[in-house]
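Scroll down for the structure; my scribbles are underneath it.
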Amino acid sequence: WKLVHGDVFRPPSTSPLLLSVATGTGAQIGTSLILTLICAILKIINPMNKGATLTAIIFLYVLSGSVAGYISSRLYKFCDAKAWKRNTIATAIALPGALMTVFLILNIFLALVGAATSVSIFTIISVFLLWTCISTPLVFVGSYFGFRAERIQVPTKTNHIARFVPEQQWHSRFPWCSVIGGVLPFASVTVELFFIMSALWLHQYYYVMGFLLVVFIILGVICVQISVVMTYVQLCGENHRWWWKSFFSCASAGFYLFLYSLWFLATKLELVGFLPIVVYFTYMLMISVAFGLFCGSIGLLSSFWFTRTIYGAVKVD
């Protein structure tokens, strides 16, 4: 791994904008979930009231916009990119805009068939105003401080010409490294996931928020370990293109979550009709994407910290 010291901190050649936006958004999701669990433990939020809990998650996600802006801008600046306006706008609208669009289209179909699960127009306008009037300005504030900060310092210099990457073992090639990496993060939350899914779709209640916070911390630790190990294996194979692989090695847990939702639908739910199944898949796809972004952001940030640490500990002539 010491042979690639001149290329290990080379910015990703494939869409550094998308990578920084995804990492910042995942950090925002993680921050809002941790704050929600802390509020539930402190009895500020009553987990028995599902509507209030969902409202708290959305509100805390909106208030965490500065976290996304700061992390995204810091990572984007490290990649020597100059389009800071594009980065800030993309961070502010990428995930919320996609989720709002999908939710609005689904709600239109629900309203046309007269479904009781359709959301009123006032609720949609309220969420839209939270996004545009609170979350987006906070993202700009975070990006402002992120771009004003000094560029992240690394212990080695990057060569002008990229080093040739030799043939890799199958487990280090994409997508197999992602398929392998996502198993353990997903497995660490499987037991609690069953009870959470039951609370969401089987009208049960979930109230052990203290234990859920412990599981949440275990998930973060496992994501760090998996990402560090996978990155180290790639560096030992003289592969310095670790950026996207470190992200997807943990983000693939979201794919396993979606597969789990298929099993849950086939074995536990008795949905009748086409529209309820579409609603179920739409919501579970949103949850799976958010879960994958959160795990992926932990993977990339921990791998970045790991590479800075190990290359800072060796003397390079």
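Chain labels A, B, ... are given in the sequence in which chains occur in the structure tokens; within each chain residues are numbered consecutively from 1, and ligands are likewise numbered from 1 in the order shown.
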
For Val279 in chain A, list every protein, DNA or RNA residue within 10 Å, evaluated using only C-alpha atoms, and leave out those in the same chain fewer than 3 positions away; present the list as a short mmCIF file (atom, residue, chain, number, x, y, z; two decimals) with C-alpha atoms, in the first residue's frame.
data_model
loop_
_atom_site.label_atom_id
_atom_site.label_comp_id
_atom_site.auth_asym_id
_atom_site.auth_seq_id
_atom_site.Cartn_x
_atom_site.Cartn_y
_atom_site.Cartn_z
CA PHE A 103 -44.29 11.71 -2.96
CA LEU A 106 -47.94 9.16 -5.50
CA ASN A 107 -50.25 11.46 -3.54
CA LEU A 110 -54.04 8.38 -4.06
CA THR A 117 -53.88 7.61 3.01
CA PHE A 274 -52.24 -2.80 -6.87
CA LEU A 275 -52.17 0.67 -5.31
CA PRO A 276 -51.33 -0.44 -1.71
CA THR A 282 -42.48 3.66 -2.93
CA TYR A 283 -42.04 4.32 0.79
CA MET A 284 -39.61 1.44 1.26
CA LEU A 285 -37.56 2.64 -1.71
#

Within 10 Å of Ala22 in chain A, counting only C-alpha atoms, which residues qualify if same-chain residues fewer than 3 places away don't, as a PDB file with C-alpha atoms, in the first residue's frame?
ATOM      1  CA  PRO A  16     -16.785  14.344  -7.468  1.00  0.00           C
ATOM      2  CA  LEU A  17     -19.878  16.567  -7.324  1.00  0.00           C
ATOM      3  CA  LEU A  18     -22.235  13.607  -6.961  1.00  0.00           C
ATOM      4  CA  LEU A  19     -19.957  11.957  -4.407  1.00  0.00           C
ATOM      5  CA  THR A  25     -26.812  14.226   2.410  1.00  0.00           C
ATOM      6  CA  GLY A  26     -26.012  10.978   4.223  1.00  0.00           C
ATOM      7  CA  ALA A  27     -24.428  12.935   7.071  1.00  0.00           C
ATOM      8  CA  GLN A  28     -27.564  15.078   7.293  1.00  0.00           C
ATOM      9  CA  ALA A  68     -24.942  18.543   4.676  1.00  0.00           C
ATOM     10  CA  SER A  72     -20.359  18.419   1.015  1.00  0.00           C
ATOM     11  CA  ALA A  90     -27.318  20.199  -5.662  1.00  0.00           C
ATOM     12  CA  THR A  91     -26.856  19.437  -1.958  1.00  0.00           C
ATOM     13  CA  ALA A  94     -31.043  16.587  -4.783  1.00  0.00           C
ATOM     14  CA  LEU A  95     -32.572  14.215  -2.229  1.00  0.00           C
ATOM     15  CA  PHE A 247     -18.952   4.705  -0.388  1.00  0.00           C
ATOM     16  CA  ALA A 290     -31.860   7.204   2.821  1.00  0.00           C
ATOM     17  CA  GLY A 292     -27.873   3.610   1.930  1.00  0.00           C
ATOM     18  CA  LEU A 293     -26.786   7.258   1.834  1.00  0.00           C
ATOM     19  CA  PHE A 294     -26.268   7.289   5.585  1.00  0.00           C
ATOM     20  CA  GLY A 296     -22.237   5.267   2.480  1.00  0.00           C
ATOM     21  CA  SER A 297     -21.328   8.608   4.037  1.00  0.00           C
TER      22      SER A 297
END

Nearest residue to Ala40 in chain A from the set A:Gly254, A:Gly210, A:Gly312, A:Gly299 (distances using only C-alpha atoms)
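Of the candidates, the smallest distance to Ala40 in chain A is held by A:Gly210.
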
Would you work out the distance separating CA of Leu138 in chain A from CA of Ile217 in chain A, expressed in Å to one decimal?
26.1 Å

Measuring between only C-alpha atoms, which one of A:Val208, A:Cys79, A:Cys177, A:Ala251 shows the shortest distance to Val233 in chain A?
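Using only C-alpha atoms, Val233 in chain A sits closest to A:Cys177.
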
Considering only C-alpha atoms, return as a compact mmCIF listing (two decimals) with C-alpha atoms, in the first residue's frame whatever protein or nucleic-acid residues lie within 12 Å of Leu202 in chain A, sequence-local ones (same chain, fewer than 4 positions apart) excluded.
# COMPACT_ATOMS: atom_id res chain seq x y z
CA PHE A 194 -38.23 -6.45 11.97
CA PHE A 195 -39.81 -4.61 14.91
CA ILE A 196 -39.53 -1.25 13.16
CA MET A 197 -41.17 -2.64 10.02
CA SER A 198 -43.91 -4.15 12.17
CA TYR A 206 -41.93 0.52 18.96
CA PHE A 264 -41.52 -8.75 4.53
CA LEU A 265 -44.21 -8.07 1.94
CA LYS A 268 -45.92 -10.73 6.79
CA LEU A 269 -48.24 -8.39 4.91
CA GLU A 270 -51.57 -9.08 3.24
CA LEU A 271 -51.96 -6.11 0.94

Any idea what the distance is between CA of Val8 in chain A and CA of Leu235 in chain A?
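Result for CA of Val8 in chain A versus CA of Leu235 in chain A: 8.1 Å, one decimal.
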
From the options A:Ala83, A:Leu75, A:Leu301, A:Met100, which residue's atoms come nearest to Leu130 in chain A, counting only C-alpha atoms?
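Nearest candidate to Leu130 in chain A out of A:Ala83, A:Leu75, A:Leu301, A:Met100: A:Met100.
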